[in-house]
Every structure is written in C-alpha cells, then in structure tokens.
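Report on the structure given below.
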There are 2 protein chains.
Amino acid sequence: MPGESKMRYKLNQEKLKELEPIFYPRSVAVVGASVNEQKTGSQWLKGLISSGFKGELYPVNPRGGEVFGLRIYRHLRSIPGPVDLVIVCIPRASVLRVLGDCAAKGIKAVYFFTAGFRESGETEWIKVEEEMVRRARQGGFRIIGPNCFGVYSPEHGIPYGPFNLHAEIGPVGFISQSSGHVGKILEFGMTRGVGFSKAISLGNGADLGSADFLEYLALDPRTNIIGLYVEGARDSRCLFETIRAASEMKPVVVWKGGRTPAGARATASHTGALAASADVWSGALKQAGAIEVQGLEELADTLLLFQRVGRLERSNVSIICGLTDGGGGEAVLGADACAALGIEVPALIEKTRQELVKFLGEVGSVLCNPVDLSQRFGDPQALERAMELVAAEPYIDVIVMYENAGVILGSLLKERADELNNTIVNFSQKQSKPVLVVLPPGPAEMRRLEIERMLSHAGIPVYPSMERAAKAISNVNRYFRRNAGSSKAQKRL
Amino acid sequence: MPGESKMRYKLNQEKLKELEPIFYPRSVAVVGASVNEQKTGSQWLKGLISSGFKGELYPVNPRGGEVFGLRIYRHLRSIPGPVDLVIVCIPRASVLRVLGDCAAKGIKAVYFFTAGFRESGETEWIKVEEEMVRRARQGGFRIIGPNCFGVYSPEHGIPYGPFNLHAEIGPVGFISQSSGHVGKILEFGMTRGVGFSKAISLGNGADLGSADFLEYLALDPRTNIIGLYVEGARDSRCLFETIRAASEMKPVVVWKGGRTPAGARATASHTGALAASADVWSGALKQAGAIEVQGLEELADTLLLFQRVGRLERSNVSIICGLTDGGGGEAVLGADACAALGIEVPALIEKTRQELVKFLGEVGSVLCNPVDLSQRFGDPQALERAMELVAAEPYIDVIVMYENAGVILGSLLKERADELNNTIVNFSQKQSKPVLVVLPPGPAEMRRLEIERMLSHAGIPVYPSMERAAKAISNVNRYFRRNAGSSKAQKRL
C-alpha cells in the first residue's frame, strides 16, 4: 500500500548530529564529585579516567578542592573551556540551580543520576521535573533522565555510570528505562560475547525518551542490532512509528516491563510509567516489526544470536547430541524444545542415515535427526563426520550441538574434551551454516565456563539450555521472515 | 463420588517386598566385567566397590581371570553363594543364554545395559526382547531395561551405572526412561542440593515399567517426592491409575518426552515408545493429580522446591530486591515473572509501607512489594528489617530475594557481601515462611557459586532466574491446592 507507506514516519538524519555530543562529548563535567573519593560523583569521575576518556574532565563542587589530581571547580560557570556534557549526582533540591548554570555555560546535554521526581508520585516533585525540561528547552540543551545512569559509549571512553563494567565493543545498541538492566545486559555481554556500540539508561525520560535514542541508534553506523527495555512511553504513537522505521533497517528487540498489574505497580514507582494493556503493546510491537521478548535472559539470548549468525531466513535445525553418553534423552529433549516453538527438526534423508549407520551402527543410536553419537563415545572424528553429513543437507539451516559438559569432563581426558571442542570450532569456521552449542551448567562449572569462553571467543553462540537456544533461533528467524522483502535489513546483517 | 473412589486402583503393598532385592540386594553379579579394567562391565564393578556396597560382588566372564582383586567366575552358575541382582553388559547376541543361567541360579532381578532390541525397530530383535520377558517370567525373576543403567540406591551403596556421581541422600525418588536424564538430574542434585532416595533408569521397560517403580516409590518410606521422565507406556491406563494413587500420598512430578512429532520420532529410536497426543497426556496427567513439567530444568527446579519448602497451600509472594543497586528494574522483572504465572504479589498495607519509608526513604525506592533496598546500598540491617516487615504480613506466604551477585560482588567488600547472605540465612532459619533466593549468573561465577553453595547448604532453594523460581512456586502450590483435602499428602511433607 504505497499510500500508507507515504504516511510512515521517516528517520530524521539530524538526530545523529543532535545527540552526538552525548555519545562523543569533547568535555565532561561531573557535578557532585568531591574530595571524598568514595562519593558517587567521585566514583563516576574515576570511571571516566580509568575508561580512557580522552577529552577534558571537570569535577564541580561548591566546596572546591582536588580529587584524583583534578581541580574541583566551584561552579559550572567557572570552568575555563567549553563543556559538552554534564553528569549530575547531587540531591534533588539543588537541580534547578544547576540547570541555570548549564544554560549559562552553553552545554549540549546533561544527565541526572539524581532521583525523586515523577516516580515519587508527589505533585511538588513532578512539577520540578516539568520545570527541568522547560529550562533545558530555554537553555538549548537536552536532558537524559532524571533517575538514570546516562550513557555507555565504550568507543569514546564513556563507562557505564560509576561501575567498572567493560563489555566488548560490538554491534549491539541497548536502550533501557532501568539502569540495573543495562548493567545486567553488559554483564551478559562480558560473559557470553555480546558486544555493545552504545547503551543508554534513560530513567524517567523526562526530555529525551526511548524514541529519541532509538532513532539515533537506527541511524548510527556502529549499531546493527537494537535492544530496548521499556516500561512506558509519553508518546507511544511516536515510539511505535520509530520502532517501525528502525525495524526496516535493523532488528529491534523489545522487552516491555510492567506487563502485569503487579509489574505495572512497580513501574509506576520506578520510572513513573503508566499502566497500559500488555496485549495492546504486543499487538503494536508486532505491527511495528519489533521482536518482542519476555525477560532479561531471552533479550540477551536473542541479541547474541543476531550478533553471531546475522541472517537466518529459514530455521530448519539439525541437532547433534550424545557427544559421550546419554544421547537418547538429549535427542528427545532437543527435538521437543525446538518443535514446541515451531522450529522444524526434519528427518534426514535415507542416504544420509545410511552414511551415519556406517560409523555409528544401528544399535543404541538415534539417527533420524537428532543424531546421537553415544556409540562412538567422545570420538572427534565421528563428531566431525556427523557434522559434515548433516550440514551437507540443503534443507538444514542451523546445527545445534548439545554438549553435556558434566559427562564429557567426568569421563574423558582433558585433551580429548578439548579435541571435541576444537572440532566444533574448526567445523563452524570452515562452512557457512550457523553452529550453536548448548552447554548446560553442571558440577564441573569452572571447566565448563572455560569451554564456554573458548567457544564464545571463536564466535560460537553458547546457550545454557535447548529451550533458550530454540527461543533465540525462533526470534531471529521471525525478524528475517517478516522483513524478507526489505532490502535494507538484508543488506545490513 | 464414593462409587468412583472404590473403582480406583489401590497401591499393592506387596510391590515393596517384590522390588526390594533390586534396591537392597545382598549380592550382585556383573556379567561382562573382565580383566580389562576399562571395559564398561569392569567400570560398573569398580563403581560398586568405591560406593561402599557391603554385599557380595561377583564378576562374571567366560574367560575367567581376576579384576580389582576379585575372582572372575566363568558362569553365573559357578558362583558359590546366592545372587540377588545381576547386571549385564555384553553384546545383545548373548543375552538369551545369560537369562537361562539367571533362572538356573534363582536370581531375583537382572538389568541390561545391553541395547539394540525394541528400539532398533528390527523384527528379529523385537522378538528377542519379548522372549527375554517370557524367560524371566518362567524363571521367576524381573528384568529392568534392556537399554538402561538400572538403579541408583545410594543408601545401599549402589552407584549410578559406571559413573562416579554421588548426589546427597534425600527424599526424592526419580524414575526415567532416559539414562542420561538420570545422570543430569543427579548432577543438578549435587550442585543445587536435591537429595535422592533412589533413581531408576528403566530404558525400554520390557518387563518392569514406570508404573511398577512408581508404585514402589509411592510405598517407599524413604521417598517423599517422586519425579518421572516418561516417553511412553505399554499400559497407559495402568500408569495413570498408579500416578493417581501415588499422587494422593506424595507429589508426582512428570515430564513427558516426545510431545512433538520430532520428539516422538526420537523416542521411537530411543526406547521404542510410540507417539501419543501430547494434549491427551496432559489431560490425563492433570486428572491423575500429577504436576506436569516441561524439560529437565523445570523438573529439577520443582523437585528442589518440594524438598525445601514442603507444604505450600498459598503462594502470595513478597519480593525483596536492590540489595545493592538497580532494584527498580529488578522489581518490575520480579513482579511480572510471578504475576504472569498467576502468582500474586500483593501490595503491602499502608502501615508496613510507612515503616519501610522510615529507613528506606521516599526517593528512588519501590516500596509497594516488590521492596527495593537500593537506597540503603548493601546494608544488612535494612535487609533484615525489610524481611521482618514483609514476613509479618499474614497474607504473605513466600519471600523471594533477588540477589544480583554481579553488582554485590563488584561493589561491596567480601565481608559485607557475606554479611548480607548470612542475614538471609539467619532470617530464613528463625521463621517459618519459605525464603527463596534468585541468584542469576554473571561475570563473577566462582564467587557466585560459593554463595549458591552456602545458601543451598543452609537449606535455601536457589534459582538462576525469577522466571524459574516463579514456575517452581506455581508447580508446588498447584499440588497442595489440588490435594488440600487429602490428609495423606498433608501429613507426609
């Protein structure tokens, strides 16, 4: 429908330029840093120093002094050079005064760690929040927050708040109304190999909201995949239109918090977000082309697979299990977990089955897909041959290895266990079909985590359960099926 | 309906006596053990020795010799003393001959690790399996398997197959058609504190099936909770009647494998189980009073909670989060995860809220239930006071702590982190409401696992996500709501 398409919102290229000083500031002032190095403001400053931020740094505190070798300015106005970005960690009663200074100094943006405004439910403080936005408009700068940790821009040496979190730099951009969820998703990234271009904790979103940052990330050339945690939107029509426009270019994975009455009560106290029907949200997200997920794990699992496999227009899975023993139950579990989500685990053709029988035998093996290697107990050659055979089938799109680390580590020598995992890595690198590994937790956690790190490092997405791997496959595939006609989306990943 | 109740199957007390030699044999023969210590049969023997089995042990192999200091008998018949239980690890072509010897020796039961019968799909071997059962009937003994690992009876020094798995002894009995799933559930037990009375891998179940072992465990005084992994049943009416009778006494948690067409194809190759409609199974399990779960994790999670909390007639949850920071997002996540499963997270009464405000303040806190402690950043006194206040509410039944180990370990000294966890343990022990801890994986896995072990050791059930904790609460509560009228079930847990 060309008429409808003309009505659609188009991303505004100006947004890139407008928000650039937030992600790439030339200079940062931290209001609330002090001679006490343990104060939040000082910790924030310390994070900027240790993350290698190259621009100018200015601590600000009416009491003056010095911290981490830097002079503390008594007022924003007394800073000699220009200031792009201001980080504010002071009690709520003082914020309006600081905003006056921001305007006088000609800054570009400010973020407020300071909380206790709209989310307090108190009329007085709701009004202060509204006044903050008015003053920013008058002063020609933008506000992130209040009640937030601001942005994470690792490429430019901007750390995540006062925390010492260093995820890898990568293609995922994340926008969140919860600062805690940003921290947790960065942790997932560190342990499981999700790399981030930028992350934004926007708190109450009094001025800049989810839609603004979404527009920015959709246009940002460093971001190929967008994650969004949202509790509510002041202008939900605008948000959905932006999601629609962004989804045509890049996958937008959305987790809506406060879907239930109890959850919505919590969002009201958290970011002041108002309750809205979960079904209405789900319908609108689907229409806008977003991939909706439930919870932090599904969000991280899905972002990881988008990053690792890129495109996935079809999702027929072959499962290989029983790397040492117990493959029969794993075969049933794996097939059920995929099929329950509508992912096909097609039977192998008779010729392939006959090839498998040659080295796996008829007895004690499941060879129909899933393929159970139990009978060749930990044999890397059998593993490689089985992977080659199933990958050669034109109707198989994804290969999932179920690796029971507990049994492998308990029954094989370390060298043999390493050889099995190296076989998976080599195979995954020499052909184009995505290979996932399911590596459930068990009693030998340290060694299992070493295997997970090794596989992740080699670019293989690792999941703790078949159910979670299957859900991620289903989510990623859904995006590419929906956007099969969109050349933009196909080109990017 | 008294008429209907009279029709119901009654558990047969004779079953206890009949199967006793399987779990408490006075002597065990291992057919297939040999001078080669690496062979499966020899490894099985080694397991029995190292598990402290106190009865007589007899290796059997036509070639004779000696292994682990024990004389290898050439035939079962040549063993001097009586033999209760025989474990068979030899090729399938020789099993019928061994069965003749079993009859001659007057054994009570035999299990076959040997595979390649009904599950091979070959007429010849299906017939051999049928002949095996006939010979057992004639010889007056029972068969477990074939294609199985037999039983785990730790109290009597019977290990799980040739594996070196030692879960704690406890109240959970587990029956499974997959030997791998038994291994995996014992691993869960070792790491998360589920204790087992007995476990049974029954493979094809040619003679003794799930219903037989279920009847045994229902009557077994050492077993208070029963887990069941089932792919199919030869006599499903009998299985459902047994589940019904067992559920009136103890929770029966059932995972049906092969619910999907792809999964059913795998069960056919695995244990020869035939496909049946998943919906029919679910309906019948519900009618029989079983708690149906999907997958290994939900099974383990549910067994753990049954073991730890015992009864749970009501399930109103209070969530405490933000032990250090980021409690707002955790509050929304937690409330949504519970409410999505129908678990109430009721708002706290105003008086309690006012008490919380006194030490948590109005600003930046979610105090409605969930209760967010962020503002008192890692303060054990605040944690204790909050737990006391919510536990004092008569309409709160369960307290769930959300502990973000990544932030706690990254931002607190070890002593302070330990103090927080000790506070949870002490509180959990001094009052009767169940306390669960949600402790998601993160970047500091070693220290997180130490915390998990400490909490588990103190009797606190620990879950890796709110979703999984909520699912376990919902499952356990469902059993007690359904069986509210059954005095037997109430008395046992």
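Residue numbering restarts at 1 for every chain of the structure tokens, chains are lettered A, B, ... in their displayed order, and ligands are numbered from 1 as they appear.
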Quick one: which chain A residues come within 7 Å of chain B, and what is the nearest atom pair for each with the distance in Å to one decimal, counting only C-alpha atoms, rows ordered by chain and ascending number, as a tab-separated table?
```
residue	atom	partner	partner_atom	distance
A:Ala115	CA	B:Gly364	CA	5.6
A:Gly116	CA	B:Val363	CA	4.5
A:Ser120	CA	B:Val363	CA	6.2
A:Ser178	CA	B:Gly329	CA	5.0
A:Ser179	CA	B:Gly326	CA	6.1
A:Gly180	CA	B:Gly326	CA	3.9
A:His181	CA	B:Gly329	CA	6.2
A:Glu187	CA	B:Gly442	CA	6.0
A:Phe188	CA	B:Gly442	CA	6.6
A:Met190	CA	B:Pro443	CA	6.8
A:Thr191	CA	B:Pro443	CA	5.8
A:Gly257	CA	B:Val332	CA	6.2
A:Gly258	CA	B:Val332	CA	5.9
A:Arg259	CA	B:Asp336	CA	6.3
A:Thr260	CA	B:Asp336	CA	5.5
A:Ala262	CA	B:Ala335	CA	5.4
A:Gly263	CA	B:Asp336	CA	4.7
A:Ala266	CA	B:Val332	CA	5.3
A:Thr267	CA	B:Val332	CA	6.0
A:Ser269	CA	B:Val366	CA	5.3
A:His270	CA	B:Gly328	CA	5.2
A:Gly295	CA	B:Leu333	CA	6.9
A:Gly326	CA	B:Gly180	CA	3.9
A:Gly327	CA	B:Gly180	CA	6.9
A:Gly328	CA	B:His270	CA	5.2
A:Gly329	CA	B:Ser178	CA	5.0
A:Ala331	CA	B:Ala266	CA	6.2
A:Val332	CA	B:Gly263	CA	4.8
A:Leu333	CA	B:Gly257	CA	6.6
A:Ala335	CA	B:Gly263	CA	4.7
A:Asp336	CA	B:Gly263	CA	4.7
A:Ala339	CA	B:Thr260	CA	6.1
A:Ala340	CA	B:Thr260	CA	6.5
A:Val345	CA	B:Ala262	CA	6.2
A:Glu362	CA	B:Ser120	CA	6.8
A:Val363	CA	B:Gly116	CA	4.5
A:Gly364	CA	B:Gly116	CA	5.6
A:Val366	CA	B:Ser269	CA	5.3
A:Gly442	CA	B:Glu187	CA	6.0
A:Pro443	CA	B:Thr191	CA	5.8
```
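Secondary structure by DSSP on the backbone puts the following residues of segment 267-465 of chain A in strand (DSSP E): Ile291, Glu292, Val293, Val317, Ser318, Ile319, Ile320, Cys321, Val371, Asp372, Val398, Ile399, Val400, Met401, Tyr402, Val435, Leu436, Val437, Val438, Val462 and Tyr463 of chain A.
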Looking only at helix (DSSP H, G or I) from DSSP on the backbone, list the matching residues of segment 156-312 of chain B as an MDAnalysis selection string.
chainID B and resid 156 179:192 210:219 236:247 261:271 278:287 295:309
Residue contacts of Glu18 of chain A (10 Å, only C-alpha atoms) excluding same-chain residues fewer than 6 positions away, as a list in words:
Lys108, Ala109, Phe141, Arg142 and Tyr216 of chain A
Could you turn the residues from that selection into a file that holds C-alpha atoms, as a PDB file, in the first residue's frame?
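result-v5.pdb written:
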```pdb
ATOM      1  CA  LYS A 108      24.811  20.354  24.918  1.00  0.00           C
ATOM      2  CA  ALA A 109      23.349  17.769  27.302  1.00  0.00           C
ATOM      3  CA  PHE A 141      20.319  21.614  25.710  1.00  0.00           C
ATOM      4  CA  ARG A 142      18.863  18.148  26.300  1.00  0.00           C
ATOM      5  CA  TYR A 216      19.778   7.721  16.943  1.00  0.00           C
TER       6      TYR A 216
END
```
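Remark: for Ala391 of chain A, the closest of the candidate residues A:Pro82, A:Pro434, A:Pro464, A:Pro159 is A:Pro434 (distances computed over only C-alpha atoms).
Using only C-alpha atoms, the shortest contact distance between Ala472 of chain B and any of B:Ser315, B:Gln354, B:Ser94, B:Thr123 is found at B:Ser315.
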Have a look at A:Thr223, A:Ser210, A:Ser247, A:Gln375 and name the one nearest to Leu356 of chain A; count only C-alpha atoms.
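Distance minimum relative to Leu356 of chain A lands on A:Gln375.
When only C-alpha atoms are used to compute distances to Leu76 of chain A, the closest of the residues A:Ile107, A:Leu208, A:Val438, A:Leu217 turns out to be A:Ile107.
When atom CA of Gln307 of chain A is paired with atom CA of Gly193 of chain A, their separation reads 9.3 Å.
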Shell around Ile79 of chain A at 8 Å using only C-alpha atoms, local window under 4 positions removed, as a CSV table (one decimal) with C-alpha atoms, in the first residue's frame:
```csv
chain,number,residue,atom,x,y,z
A,58,TYR,CA,35.9,18.8,35.2
A,73,TYR,CA,35.6,23.9,40.2
A,75,HIS,CA,30.6,26.2,39.7
```
Which distance in Å separates atom CA of Val253 of chain B and atom CA of Gly289 of chain B, to one decimal?
9.5 Å
